[in-house]
Structure formats: C-alpha cells, structure tokens
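Before any comments, here is the structure.
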Amino acid sequence: MSDSSLGVFQTAFVAALYGQSESAELLALTHQVGFSVYRNTVLKGCVDALQANFPSVERLVGTDWFRAAATVHATQTPPSDARLILYGEQFPAFLDAFEPAQNLPYLADVARADRLWIEVHIAAEDSVLDIAAMTCINPEQLGQQHLRPRTDTRWQWFAEQPIYSIWHCNRLALDLPEPLVWQGEGLLVRRQAGQMQWQSLSEAECLFLDACASGQSLEVAANTVLAFDSTLDFTALLGRLLATEVFA
Amino acid sequence: MIRICTLPTGTALGAGMGLKAEHYEHAEACEAPGLWFEVHPENYMVAGLRLDWLAAIAERHPLSLHGVSMSLAADQLPDADHLHRLRALINQVQPTLVSEHLAWSTWQGQYHPDLLPFARSHAALLRIVENIHYAQDILARPLGIENPSHYLHLDGHEYSEVEFLTELALRTGCSLLLDVNNVHVSAHNMGFDACAYLDAFPAQLISEIHLAGYSQDANSSLLIDSHDAPISEEVWALYRHLLQRIGPRPTLIERDDQIPPFEALLCERNTAQSMLESLENRS
C-alpha cells in the first residue's frame with residue numbers, strides 16, 4: 001500500500017465516495033457539489049451492472065425496489081473486477097440476508113439462476129460428445145467411461161421452490177403458470193449453435209450431472225442416482241441428457 | 001527515451017460510432033465509407049457469445065478498444081492480469097486504436113466505475129509515466145490517453161491538463177485522445193475557456209477525437225458528461241474550430257445511455273464524416 005500523497009488521497013477519496021469517512025484533508029472536496037457527481041456515477045455504474053446482470057430479479061420486484069436493493073449491495077460490496085458482467089457474485093447471498101426481501105423467499109435463488117445464465121453466456125465454447133462414438137464402446141467398458149459435463153453448461157437443483165418456473169417466466173416476461181405447484185425444480189442452462197438454451201431438470205438428473213462433474217465413472221454415477229431413487233429408469237434419464245448435448 | 005507519436009498516413013478511419021449491443025446486426029451490415037466502431041474492452045474480456053459478436057464485427061470494420069478501467073492515475077501499477085487479458089483481446093480482434101483515460105478507477109482491489117480525479121503534480125506525472133510504460137510494454141503498442149471531464153476544484157495542480165498530457169506523450173510515446181465534449185463540460189464546470197484549451201492542444205499528438213452529449217445536473221449548475229444525449233451545438237462548433245487547425249482525425253460519436261436507433265446515431269456520425277471529408281477535399 002502506498003504512503004505517498006497520491007495514494008493517501010486515493011484511499012481517502014474512496015472512503016468518502018462510500019460515505020465511510022471524510023478525512024479533514026478531503027473536506028474541501030466533499031463540500032463541493034461536484035463530489036456528489038462522482039459518488040452518483042460510481043453507484044450508478046454498479047447498480048446499472050447489477051440491473052443488467054439480474055433481469056429476472058428486477059422483473060419480480062420492479063425497477064425501483066431493485067435499484068434500491070442494488071444500491072445497498074453496491075455500497076457494501078463494490079466490484080472487485082472491471083469486467084462488470086462478473087459483478088454480483090455475492091448478490092444472491094446478499095438477497096438471502098436482506099431484510100426487505102424476507103417475504104420473497106425465492107428471490108435469492110432466482111438471482112442464482114440469472115447468475116448461471118451469465119456463467120454460460122461468457123464461458124468458452126466446449127466440445128460436444130460424439131454419441132455415435134460412444135455406441136462403439138464395448139458394453140463391459142462403457143460403465144468405466146467418464147462423461148464430462150461441458151464447461152459451457154450449468155445446472156442447479158433448487159430443492160424448496162419452483163425456481164425454474166419462476167425464473168423462466170420472468171426471464172422471458174411471461175405469466176406464471178396457474179396453478180404454480182410449490183415444489184423443488186432444477187435448471188439446466190447451456191448454449192447451442194450460438195444461442196442460450198435452458199430447460200428444467202429433475203432432482204435425479206441434477207444428481208447425475210453432479211456425480212459426472214465430480215469425476216465419477218458412468219457406472220458409479222448411475223449407482224449414485226439409483227441409490228437416490230431405485231425405481232428410476234436410468235436409461236431414459238441418460239438418453240434425455242445425451243439429447244441435450246450437455247456432455248463434452 | 002522521448003518519442004513523438006506520429007500518425008499513420010493515409011488512415012482510412014473517418015467518423016466512427018460506439019458499438020452498442022442492441023445495434024450489432026445493423027453495425028455488422030452497415031457499409032458507410034470510413035465507418036469504424038469503438039467498444040469498452042472490459043465488456044469483451046470474457047469468452048463466449050459476446051466475444052463471438054465482437055470478432056464478427058471486427059472482420060467487417062476497423063475497431064477501437066477504449067478502456068475505462070486501467071486506472072493509469074492510481075498510485076500503483078495497473079493490474080497485470082487485466083493487461084494480459086487486454087493483450088489477448090488485442091491479438092484476437094486486431095484493433096486499429098487502443099486508448100485509455102487520464103484518471104483512476106481501481107484502487108486496492110476494488111473497481112469504482114468512474115474516471116476519478118487527482119492533482120496533476122510532478123510526483124503524479126512520474127507515477128503515471130511509469131504506469132503507461134508498464135501498460136504499453138505488456139500490450140506491445142502505444143496507447144491513446146484521453147482528457148477526462150472535471151467536476152471538482154482540486155488543490156495541488158502543478159501542470160495544466162494540456163501540459164500534463166503533452167509531458168505524458170513526450171515521455172512515454174503515447175498519443176492523445178482529445179474528447180471535445182469533456183473539454184466543453186470541464187470548461188463550464190471549472191471556469192476556463194474551451195477554445196483556448198483546444199488551441200493549446202498539440203495537434204501532432206492527437207490520434208483520435210471523441211464527441212458526445214452531456215446533461216445538466218439536476219441539483220446544480222454543473223454539466224455532466226453523461227453520453228445520454230445528442231451532441232450539442234456548442235460541441236459541434238468546438239469540433240469544427242479544432243478541425244480547422246489540426247486537419248482530419250478519426251472521430252468517435254459516443255453514446256452510452258438513452259440509446260437511440262442505429263440510424264439516428266449513424267446520422268450524427270455522418271455529420272462528423274461530412275466535416276472530415278470537406279477538410280480532406282480542401283487539402
């Protein structure tokens with residue numbers, strides 16, 4: 001950390017921007033109306049970025065509520081990276097604890113879904129598993145194969161609430177289904193031919209993808225899923241996932 | 001070593017436009033002579049779909065990368081990871097111009113999305129010269145450095161802004177990006193003569209000109225460099241005055257908020273293009 005006059009000035013300027021403290025040396029600046037221009041621009045930049053990154057949350061709560069909440073978050077947690085599309089990593093956890101959001105228990109998970117969308121959007125394109133090549137593998141060796149989920153794919157199981165339905169409808173500005181069944185839902189976000197795609201996943205499908213991502217062989221991952229639900233038609237589950245091209 | 005930046009002769013860059021996401025398809029297809037596009041590289045220093053879009057534009061049009069976060073006026077070296085990511089983007093899209101601001105925004109691991117001010121002291125000059133050298137070494141090319149907008153009266157200036165920018169260019173080989181709207185906004189806010197500022201600006205160091213719109217602060221008499229409005233008559237007049245002295249330079253129409261349809265921005269851009277072409281015809 002610098003102890004030069006420029007460095008001291010910059011540390012004091014940042015503290016004053018966020019209203020944390022105003023050093024005596026800086027009073028000549030913070031008393032000028034121009035200081036609020038910087039304060040407003042910095043906060044607007046952060047809040048605009050959160051608004052761009054969490055559109056489904058904004059639609060759920062309205063722009064005014066969103067920007068008020070985002071301002072609180074930006075003041076507490078400024079960006080650590082100039083690539084503002086990455087900003088908001090901690091926004092879902094902030095919403096979990098944000099007192100005015102306590103009557104909206106799904107809000108933080110919808111933010112997590114928006115975040116999954118961004119992670120897929122900015123991921124480097126991965127290869128797609130050649131299913132035809134898989135069919136040539138000796139059946140005894142097939143169970144030892146490792147299916148690796150593509151790095152430009154994300155999924156998450158939301159155990160308590162229908163997050164896929166809420167997120168999907170708000171992302172596309174659709175009406176929610178009537179009635180909305182209040183049960184857990186999974187989300188898969190991926191890219192196909194330069195387009196963002198998403199769909200709902202069952203808990204077993206999420207478990208299987210988790211198992212594959214952790215490096216389990218096809219046989220071990222299948223057993224993990226069957227231990228969760230012994231009545232499951234695993235072949236059908238695998239066929240559905242292969243059809244979505246989630247494996248590399 | 002002291003070097004003076006010289007512009008490539010016969011440059012094909014006329015008037016360009018800031019590239020907005022909602023204009024990608026129009027931008028890619030537009031065939032206006034001399035047209036080029038500028039983006040903030042921070043929005044593209046990721047993989048995935050955004051980068052694919054930019055690469056497609058770069059195949060059809062000259063590109064300028066105009067950074068907002070190198071924080072050259074911070075009392076610390078620019079972030080090496082950031083510079084290496086920018087170098088990778090430069091290698092991928094081969095921009096004609098790469099520029100930054102005379103300001104700071106990143107400090108002690110946090111990014112504050114604005115162009116923050118400092119006192120133009122001799123110590124600051126030495127620090128920023130070191131920072132520009134460091135950045136240019138990693139990027140393997142010279143930068144254009146832009147004059148920011150001012151809203152605060154700071155103590156401790158030992159150089160005028162024009163003197164400071166000129167010293168930076170002479171000591172680092174960087175060129176200068178002259179933002180005429182910033183001059184107009186700063187002249188109003190700080191109480192100096194915009195024409196005198198432009199007349200003192202060293203013509204041979206100017207690699208690019210920016211034009212944009214401003215707004216009036218709701219709570220004071222300050223003008224804000226908000227890029228949310230058409231270019232004002234005053235700024236067009238200053239631009240005309242500048243061009244008559246220095247001749248044509250690549251000129252960018254910036255718009256970052258209240259984005260109009262592509263055609264409306266192209267119309268503003270065509271005004272600048274006509275002014276540049278009339279100078280070229282005259283010479």
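Residue numbering restarts at 1 for every chain of the structure tokens, chains are lettered A, B, ... in their displayed order, and ligands are numbered from 1 as they appear.
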
Using only C-alpha atoms, find each residue in chain A having at least one atom no more than 7 Å away from chain B; report its shortest atom-to-atom pair and that distance in Å (one decimal), rows by chain then rising number, as CSV.
residue,atom,partner,partner_atom,distance
A:Ser2,CA,B:Asp75,CA,6.8
A:Leu6,CA,B:Asp75,CA,6.0
A:Gly7,CA,B:Asp75,CA,5.2
A:Leu29,CA,B:Leu152,CA,6.8
A:Gln32,CA,B:Leu152,CA,6.9
A:Gly34,CA,B:Tyr151,CA,4.7
A:Phe35,CA,B:Leu152,CA,6.5
A:Tyr38,CA,B:Asp114,CA,7.0
A:Thr41,CA,B:Asp114,CA,6.3
A:Val42,CA,B:Pro113,CA,5.0
A:Gly45,CA,B:Pro113,CA,5.5
A:Cys46,CA,B:Pro113,CA,6.9
A:Pro78,CA,B:Gln110,CA,6.4
A:Pro79,CA,B:Tyr111,CA,5.3
A:Ser80,CA,B:Gln110,CA,4.5
A:Asp81,CA,B:Tyr111,CA,6.0
A:Ala82,CA,B:Tyr111,CA,5.8
A:Arg83,CA,B:Glu42,CA,5.0
A:His121,CA,B:Gly48,CA,5.7
A:Ile122,CA,B:Gly48,CA,4.2
A:Ala123,CA,B:Gly48,CA,4.9
A:Ala124,CA,B:Ala47,CA,4.8
A:Glu125,CA,B:Gly48,CA,6.3
A:Gly194,CA,B:Leu49,CA,6.6

Please produce a file of those selected residues containing C-alpha atoms, as a short mmCIF file (atom, residue, chain, number, x, y, z; two decimals), in the first residue's frame.
data_model
loop_
_atom_site.label_atom_id
_atom_site.label_comp_id
_atom_site.auth_asym_id
_atom_site.auth_seq_id
_atom_site.Cartn_x
_atom_site.Cartn_y
_atom_site.Cartn_z
CA SER A 2 1.32 3.38 -0.98
CA LEU A 6 -1.40 10.40 -4.25
CA GLY A 7 -2.06 7.06 -2.57
CA LEU A 29 -13.64 18.35 -1.97
CA GLN A 32 -18.19 20.77 -3.34
CA GLY A 34 -19.07 18.12 -7.83
CA PHE A 35 -18.12 15.40 -5.35
CA TYR A 38 -18.51 11.11 -8.68
CA THR A 41 -21.68 7.98 -11.10
CA VAL A 42 -19.82 5.24 -9.22
CA GLY A 45 -22.28 2.20 -12.62
CA CYS A 46 -22.54 -0.56 -10.01
CA PRO A 78 -18.11 -2.70 -4.66
CA PRO A 79 -16.95 -4.62 -7.75
CA SER A 80 -13.57 -6.31 -7.49
CA ASP A 81 -13.22 -6.66 -11.26
CA ALA A 82 -13.68 -4.09 -14.02
CA ARG A 83 -15.49 -6.70 -16.11
CA HIS A 121 -23.03 -16.78 -21.65
CA ILE A 122 -19.36 -15.91 -21.02
CA ALA A 123 -17.90 -19.43 -20.97
CA ALA A 124 -15.51 -20.56 -23.66
CA GLU A 125 -17.21 -22.96 -26.05
CA GLY A 194 -24.67 -19.60 -30.58
#

So that I can see what lies close to B:Cys267, please list as a ChimeraX atom specification the residues with an atom at most 12 Å from it, counting only C-alpha atoms and leaving out residues fewer than 5 positions away in the same chain. /B:15-17,32,35,230-231,253,260-262,272-274

Taking the backbone alone, and naming residues the way the document does, which bits of stretch 78-194 of chain A are strand (DSSP E) by DSSP, as a list in words? Arg154, Trp155, Gln156, Trp157, Phe158, Glu185, Gly186, Leu187, Leu188, Val189, Arg190, Arg191 and Gln192 of chain A

Hey, can you spit out that residue selection with N, CA and C atoms as a PDB file, in the first residue's frame?
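File result.pdb, as written:
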ATOM      1  N   ARG A 154     -24.315 -25.112 -17.189  1.00  0.00           N
ATOM      2  CA  ARG A 154     -24.507 -25.011 -15.733  1.00  0.00           C
ATOM      3  C   ARG A 154     -25.854 -25.624 -15.379  1.00  0.00           C
ATOM      4  N   TRP A 155     -25.948 -26.183 -14.173  1.00  0.00           N
ATOM      5  CA  TRP A 155     -27.214 -26.708 -13.684  1.00  0.00           C
ATOM      6  C   TRP A 155     -27.259 -26.546 -12.176  1.00  0.00           C
ATOM      7  N   GLN A 156     -28.448 -26.534 -11.611  1.00  0.00           N
ATOM      8  CA  GLN A 156     -28.591 -26.473 -10.155  1.00  0.00           C
ATOM      9  C   GLN A 156     -29.968 -26.997  -9.778  1.00  0.00           C
ATOM     10  N   TRP A 157     -30.016 -27.768  -8.703  1.00  0.00           N
ATOM     11  CA  TRP A 157     -31.276 -28.230  -8.135  1.00  0.00           C
ATOM     12  C   TRP A 157     -31.705 -27.265  -7.036  1.00  0.00           C
ATOM     13  N   PHE A 158     -32.925 -26.763  -7.129  1.00  0.00           N
ATOM     14  CA  PHE A 158     -33.485 -25.872  -6.108  1.00  0.00           C
ATOM     15  C   PHE A 158     -34.545 -26.671  -5.370  1.00  0.00           C
ATOM     16  N   GLU A 185     -37.452 -27.575  -8.108  1.00  0.00           N
ATOM     17  CA  GLU A 185     -37.221 -27.706  -9.550  1.00  0.00           C
ATOM     18  C   GLU A 185     -35.736 -27.498  -9.829  1.00  0.00           C
ATOM     19  N   GLY A 186     -35.258 -28.158 -10.887  1.00  0.00           N
ATOM     20  CA  GLY A 186     -33.874 -27.973 -11.308  1.00  0.00           C
ATOM     21  C   GLY A 186     -33.810 -27.160 -12.586  1.00  0.00           C
ATOM     22  N   LEU A 187     -32.641 -26.556 -12.823  1.00  0.00           N
ATOM     23  CA  LEU A 187     -32.439 -25.727 -14.015  1.00  0.00           C
ATOM     24  C   LEU A 187     -31.160 -26.163 -14.714  1.00  0.00           C
ATOM     25  N   LEU A 188     -31.250 -26.300 -16.026  1.00  0.00           N
ATOM     26  CA  LEU A 188     -30.076 -26.540 -16.869  1.00  0.00           C
ATOM     27  C   LEU A 188     -29.964 -25.374 -17.847  1.00  0.00           C
ATOM     28  N   VAL A 189     -28.791 -24.740 -17.881  1.00  0.00           N
ATOM     29  CA  VAL A 189     -28.538 -23.654 -18.843  1.00  0.00           C
ATOM     30  C   VAL A 189     -27.365 -24.071 -19.720  1.00  0.00           C
ATOM     31  N   ARG A 190     -27.531 -23.905 -21.018  1.00  0.00           N
ATOM     32  CA  ARG A 190     -26.475 -24.335 -21.945  1.00  0.00           C
ATOM     33  C   ARG A 190     -26.526 -23.458 -23.188  1.00  0.00           C
ATOM     34  N   ARG A 191     -25.562 -23.691 -24.065  1.00  0.00           N
ATOM     35  CA  ARG A 191     -25.553 -22.973 -25.348  1.00  0.00           C
ATOM     36  C   ARG A 191     -25.643 -23.981 -26.470  1.00  0.00           C
ATOM     37  N   GLN A 192     -26.340 -23.585 -27.519  1.00  0.00           N
ATOM     38  CA  GLN A 192     -26.429 -24.443 -28.690  1.00  0.00           C
ATOM     39  C   GLN A 192     -26.456 -23.560 -29.925  1.00  0.00           C
TER      40      GLN A 192
END

B:Glu28 surroundings by only C-alpha atoms, 8 Å radius, close-in-sequence under 5 positions cut, as a list in words: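 In the requested form, the answer reads Ala56, Ile57, Arg60 and His61 of chain B.
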
Just want the 9 Å neighbourhood of B:Ala212, counted on only C-alpha atoms, with same-chain residues fewer than 3 positions away dropped. Output as a PDB file with all heavy atoms, in the first residue's frame.
ATOM      1  N   ASP B 179     -11.120  14.518 -26.164  1.00  0.00           N
ATOM      2  CA  ASP B 179     -12.582  14.465 -26.059  1.00  0.00           C
ATOM      3  C   ASP B 179     -13.114  15.890 -25.982  1.00  0.00           C
ATOM      4  O   ASP B 179     -12.951  16.575 -24.956  1.00  0.00           O
ATOM      5  CB  ASP B 179     -12.992  13.650 -24.826  1.00  0.00           C
ATOM      6  CG  ASP B 179     -14.501  13.398 -24.800  1.00  0.00           C
ATOM      7  OD1 ASP B 179     -15.268  14.361 -25.014  1.00  0.00           O
ATOM      8  OD2 ASP B 179     -14.904  12.245 -24.548  1.00  0.00           O
ATOM      9  N   VAL B 180     -13.727  16.331 -27.063  1.00  0.00           N
ATOM     10  CA  VAL B 180     -14.163  17.726 -27.151  1.00  0.00           C
ATOM     11  C   VAL B 180     -15.324  17.995 -26.199  1.00  0.00           C
ATOM     12  O   VAL B 180     -15.428  19.072 -25.601  1.00  0.00           O
ATOM     13  CB  VAL B 180     -14.544  18.076 -28.607  1.00  0.00           C
ATOM     14  CG1 VAL B 180     -15.050  19.508 -28.708  1.00  0.00           C
ATOM     15  CG2 VAL B 180     -13.334  17.887 -29.522  1.00  0.00           C
ATOM     16  N   ASN B 181     -16.191  17.002 -26.016  1.00  0.00           N
ATOM     17  CA  ASN B 181     -17.291  17.192 -25.064  1.00  0.00           C
ATOM     18  C   ASN B 181     -16.748  17.340 -23.640  1.00  0.00           C
ATOM     19  O   ASN B 181     -17.247  18.162 -22.860  1.00  0.00           O
ATOM     20  CB  ASN B 181     -18.259  16.010 -25.136  1.00  0.00           C
ATOM     21  CG  ASN B 181     -19.487  16.229 -24.279  1.00  0.00           C
ATOM     22  OD1 ASN B 181     -20.210  17.206 -24.465  1.00  0.00           O
ATOM     23  ND2 ASN B 181     -19.702  15.347 -23.312  1.00  0.00           N
ATOM     24  N   ASN B 182     -15.721  16.556 -23.301  1.00  0.00           N
ATOM     25  CA  ASN B 182     -15.118  16.682 -21.970  1.00  0.00           C
ATOM     26  C   ASN B 182     -14.517  18.073 -21.774  1.00  0.00           C
ATOM     27  O   ASN B 182     -14.586  18.639 -20.668  1.00  0.00           O
ATOM     28  CB  ASN B 182     -14.036  15.616 -21.766  1.00  0.00           C
ATOM     29  CG  ASN B 182     -14.616  14.221 -21.601  1.00  0.00           C
ATOM     30  OD1 ASN B 182     -15.835  14.057 -21.565  1.00  0.00           O
ATOM     31  ND2 ASN B 182     -13.754  13.224 -21.511  1.00  0.00           N
ATOM     32  N   ASP B 225     -20.966  14.753 -18.032  1.00  0.00           N
ATOM     33  CA  ASP B 225     -20.533  14.032 -19.248  1.00  0.00           C
ATOM     34  C   ASP B 225     -21.279  12.702 -19.303  1.00  0.00           C
ATOM     35  O   ASP B 225     -20.720  11.646 -19.077  1.00  0.00           O
ATOM     36  CB  ASP B 225     -19.019  13.818 -19.168  1.00  0.00           C
ATOM     37  CG  ASP B 225     -18.500  12.974 -20.301  1.00  0.00           C
ATOM     38  OD1 ASP B 225     -19.024  13.085 -21.420  1.00  0.00           O
ATOM     39  OD2 ASP B 225     -17.559  12.193 -20.066  1.00  0.00           O
ATOM     40  N   SER B 226     -22.575  12.766 -19.629  1.00  0.00           N
ATOM     41  CA  SER B 226     -23.453  11.612 -19.420  1.00  0.00           C
ATOM     42  C   SER B 226     -23.625  10.731 -20.656  1.00  0.00           C
ATOM     43  O   SER B 226     -24.169   9.631 -20.538  1.00  0.00           O
ATOM     44  CB  SER B 226     -24.832  12.117 -18.967  1.00  0.00           C
ATOM     45  OG  SER B 226     -25.265  13.155 -19.820  1.00  0.00           O
ATOM     46  N   HIS B 227     -23.173  11.196 -21.816  1.00  0.00           N
ATOM     47  CA  HIS B 227     -23.284  10.374 -23.045  1.00  0.00           C
ATOM     48  C   HIS B 227     -24.710   9.872 -23.262  1.00  0.00           C
ATOM     49  O   HIS B 227     -24.904   8.773 -23.760  1.00  0.00           O
ATOM     50  CB  HIS B 227     -22.334   9.160 -22.986  1.00  0.00           C
ATOM     51  CG  HIS B 227     -20.890   9.512 -22.934  1.00  0.00           C
ATOM     52  ND1 HIS B 227     -19.890   8.590 -23.047  1.00  0.00           N
ATOM     53  CD2 HIS B 227     -20.274  10.710 -22.785  1.00  0.00           C
ATOM     54  CE1 HIS B 227     -18.715   9.195 -22.962  1.00  0.00           C
ATOM     55  NE2 HIS B 227     -18.919  10.474 -22.794  1.00  0.00           N
ATOM     56  N   ASP B 228     -25.694  10.682 -22.881  1.00  0.00           N
ATOM     57  CA  ASP B 228     -27.084  10.225 -22.983  1.00  0.00           C
ATOM     58  C   ASP B 228     -27.932  11.145 -23.850  1.00  0.00           C
ATOM     59  O   ASP B 228     -29.160  11.119 -23.766  1.00  0.00           O
ATOM     60  CB  ASP B 228     -27.695  10.106 -21.577  1.00  0.00           C
ATOM     61  CG  ASP B 228     -27.750  11.430 -20.846  1.00  0.00           C
ATOM     62  OD1 ASP B 228     -27.170  12.420 -21.360  1.00  0.00           O
ATOM     63  OD2 ASP B 228     -28.339  11.484 -19.755  1.00  0.00           O
ATOM     64  N   ALA B 229     -27.266  11.952 -24.672  1.00  0.00           N
ATOM     65  CA  ALA B 229     -27.999  12.925 -25.473  1.00  0.00           C
ATOM     66  C   ALA B 229     -27.238  13.158 -26.775  1.00  0.00           C
ATOM     67  O   ALA B 229     -26.057  12.812 -26.876  1.00  0.00           O
ATOM     68  CB  ALA B 229     -28.129  14.239 -24.693  1.00  0.00           C
ATOM     69  N   PRO B 230     -27.901  13.731 -27.773  1.00  0.00           N
ATOM     70  CA  PRO B 230     -27.174  14.098 -28.998  1.00  0.00           C
ATOM     71  C   PRO B 230     -26.070  15.108 -28.692  1.00  0.00           C
ATOM     72  O   PRO B 230     -26.109  15.812 -27.673  1.00  0.00           O
ATOM     73  CB  PRO B 230     -28.260  14.724 -29.878  1.00  0.00           C
ATOM     74  CG  PRO B 230     -29.551  14.227 -29.329  1.00  0.00           C
ATOM     75  CD  PRO B 230     -29.330  14.042 -27.862  1.00  0.00           C
ATOM     76  N   ILE B 231     -25.111  15.190 -29.578  1.00  0.00           N
ATOM     77  CA  ILE B 231     -24.007  16.156 -29.444  1.00  0.00           C
ATOM     78  C   ILE B 231     -24.585  17.568 -29.533  1.00  0.00           C
ATOM     79  O   ILE B 231     -25.414  17.862 -30.399  1.00  0.00           O
ATOM     80  CB  ILE B 231     -22.968  15.908 -30.549  1.00  0.00           C
ATOM     81  CG1 ILE B 231     -22.359  14.520 -30.353  1.00  0.00           C
ATOM     82  CG2 ILE B 231     -21.895  16.984 -30.557  1.00  0.00           C
ATOM     83  CD1 ILE B 231     -21.733  13.955 -31.592  1.00  0.00           C
ATOM     84  N   SER B 232     -24.135  18.431 -28.628  1.00  0.00           N
ATOM     85  CA  SER B 232     -24.704  19.789 -28.574  1.00  0.00           C
ATOM     86  C   SER B 232     -24.117  20.666 -29.683  1.00  0.00           C
ATOM     87  O   SER B 232     -23.045  20.391 -30.226  1.00  0.00           O
ATOM     88  CB  SER B 232     -24.387  20.423 -27.216  1.00  0.00           C
ATOM     89  OG  SER B 232     -22.997  20.689 -27.135  1.00  0.00           O
ATOM     90  N   VAL B 235     -20.618  21.869 -28.878  1.00  0.00           N
ATOM     91  CA  VAL B 235     -19.544  20.890 -29.087  1.00  0.00           C
ATOM     92  C   VAL B 235     -19.261  20.728 -30.579  1.00  0.00           C
ATOM     93  O   VAL B 235     -18.099  20.625 -30.987  1.00  0.00           O
ATOM     94  CB  VAL B 235     -19.890  19.558 -28.396  1.00  0.00           C
ATOM     95  CG1 VAL B 235     -18.926  18.447 -28.818  1.00  0.00           C
ATOM     96  CG2 VAL B 235     -19.848  19.745 -26.882  1.00  0.00           C
ATOM     97  N   LEU B 252     -14.923   9.831 -32.993  1.00  0.00           N
ATOM     98  CA  LEU B 252     -15.920   8.884 -32.495  1.00  0.00           C
ATOM     99  C   LEU B 252     -17.127   9.590 -31.907  1.00  0.00           C
ATOM    100  O   LEU B 252     -16.995  10.521 -31.111  1.00  0.00           O
ATOM    101  CB  LEU B 252     -15.316   7.993 -31.402  1.00  0.00           C
ATOM    102  CG  LEU B 252     -16.329   6.958 -30.911  1.00  0.00           C
ATOM    103  CD1 LEU B 252     -16.304   5.748 -31.798  1.00  0.00           C
ATOM    104  CD2 LEU B 252     -16.118   6.583 -29.471  1.00  0.00           C
ATOM    105  N   ILE B 253     -18.323   9.101 -32.277  1.00  0.00           N
ATOM    106  CA  ILE B 253     -19.566   9.536 -31.649  1.00  0.00           C
ATOM    107  C   ILE B 253     -19.854   8.557 -30.510  1.00  0.00           C
ATOM    108  O   ILE B 253     -20.101   7.373 -30.745  1.00  0.00           O
ATOM    109  CB  ILE B 253     -20.742   9.500 -32.649  1.00  0.00           C
ATOM    110  CG1 ILE B 253     -20.374  10.214 -33.951  1.00  0.00           C
ATOM    111  CG2 ILE B 253     -22.009  10.069 -32.020  1.00  0.00           C
ATOM    112  CD1 ILE B 253     -20.054  11.662 -33.832  1.00  0.00           C
ATOM    113  N   GLU B 254     -19.822   9.058 -29.264  1.00  0.00           N
ATOM    114  CA  GLU B 254     -20.060   8.199 -28.105  1.00  0.00           C
ATOM    115  C   GLU B 254     -21.506   8.321 -27.652  1.00  0.00           C
ATOM    116  O   GLU B 254     -22.046   9.423 -27.571  1.00  0.00           O
ATOM    117  CB  GLU B 254     -19.173   8.617 -26.922  1.00  0.00           C
ATOM    118  CG  GLU B 254     -17.707   8.355 -27.099  1.00  0.00           C
ATOM    119  CD  GLU B 254     -16.949   8.703 -25.826  1.00  0.00           C
ATOM    120  OE1 GLU B 254     -16.898   9.899 -25.479  1.00  0.00           O
ATOM    121  OE2 GLU B 254     -16.416   7.777 -25.177  1.00  0.00           O
ATOM    122  N   ARG B 255     -22.111   7.198 -27.326  1.00  0.00           N
ATOM    123  CA  ARG B 255     -23.461   7.217 -26.749  1.00  0.00           C
ATOM    124  C   ARG B 255     -23.573   5.983 -25.849  1.00  0.00           C
ATOM    125  O   ARG B 255     -23.433   4.859 -26.336  1.00  0.00           O
ATOM    126  CB  ARG B 255     -24.506   7.173 -27.861  1.00  0.00           C
ATOM    127  CG  ARG B 255     -25.927   7.415 -27.383  1.00  0.00           C
ATOM    128  CD  ARG B 255     -26.085   8.844 -26.854  1.00  0.00           C
ATOM    129  NE  ARG B 255     -27.467   9.116 -26.527  1.00  0.00           N
ATOM    130  CZ  ARG B 255     -28.329   9.755 -27.332  1.00  0.00           C
ATOM    131  NH1 ARG B 255     -27.946  10.178 -28.516  1.00  0.00           N
ATOM    132  NH2 ARG B 255     -29.558   9.970 -26.942  1.00  0.00           N
TER     133      ARG B 255
END

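Between A:Asp114 and the residues A:Ser56, A:Thr11, A:Thr75, A:Thr235, the shortest atom-to-atom distance, using only C-alpha atoms, involves A:Ser56.
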
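Using only C-alpha atoms, the protein and nucleic acid residues lying no more than 7 Å from B:Val39, apart from those fewer than 2 places from it along its own chain, are B:Gly18, B:Leu19, B:Phe37, B:Pro41, B:Ser64, B:Leu65, B:His66.
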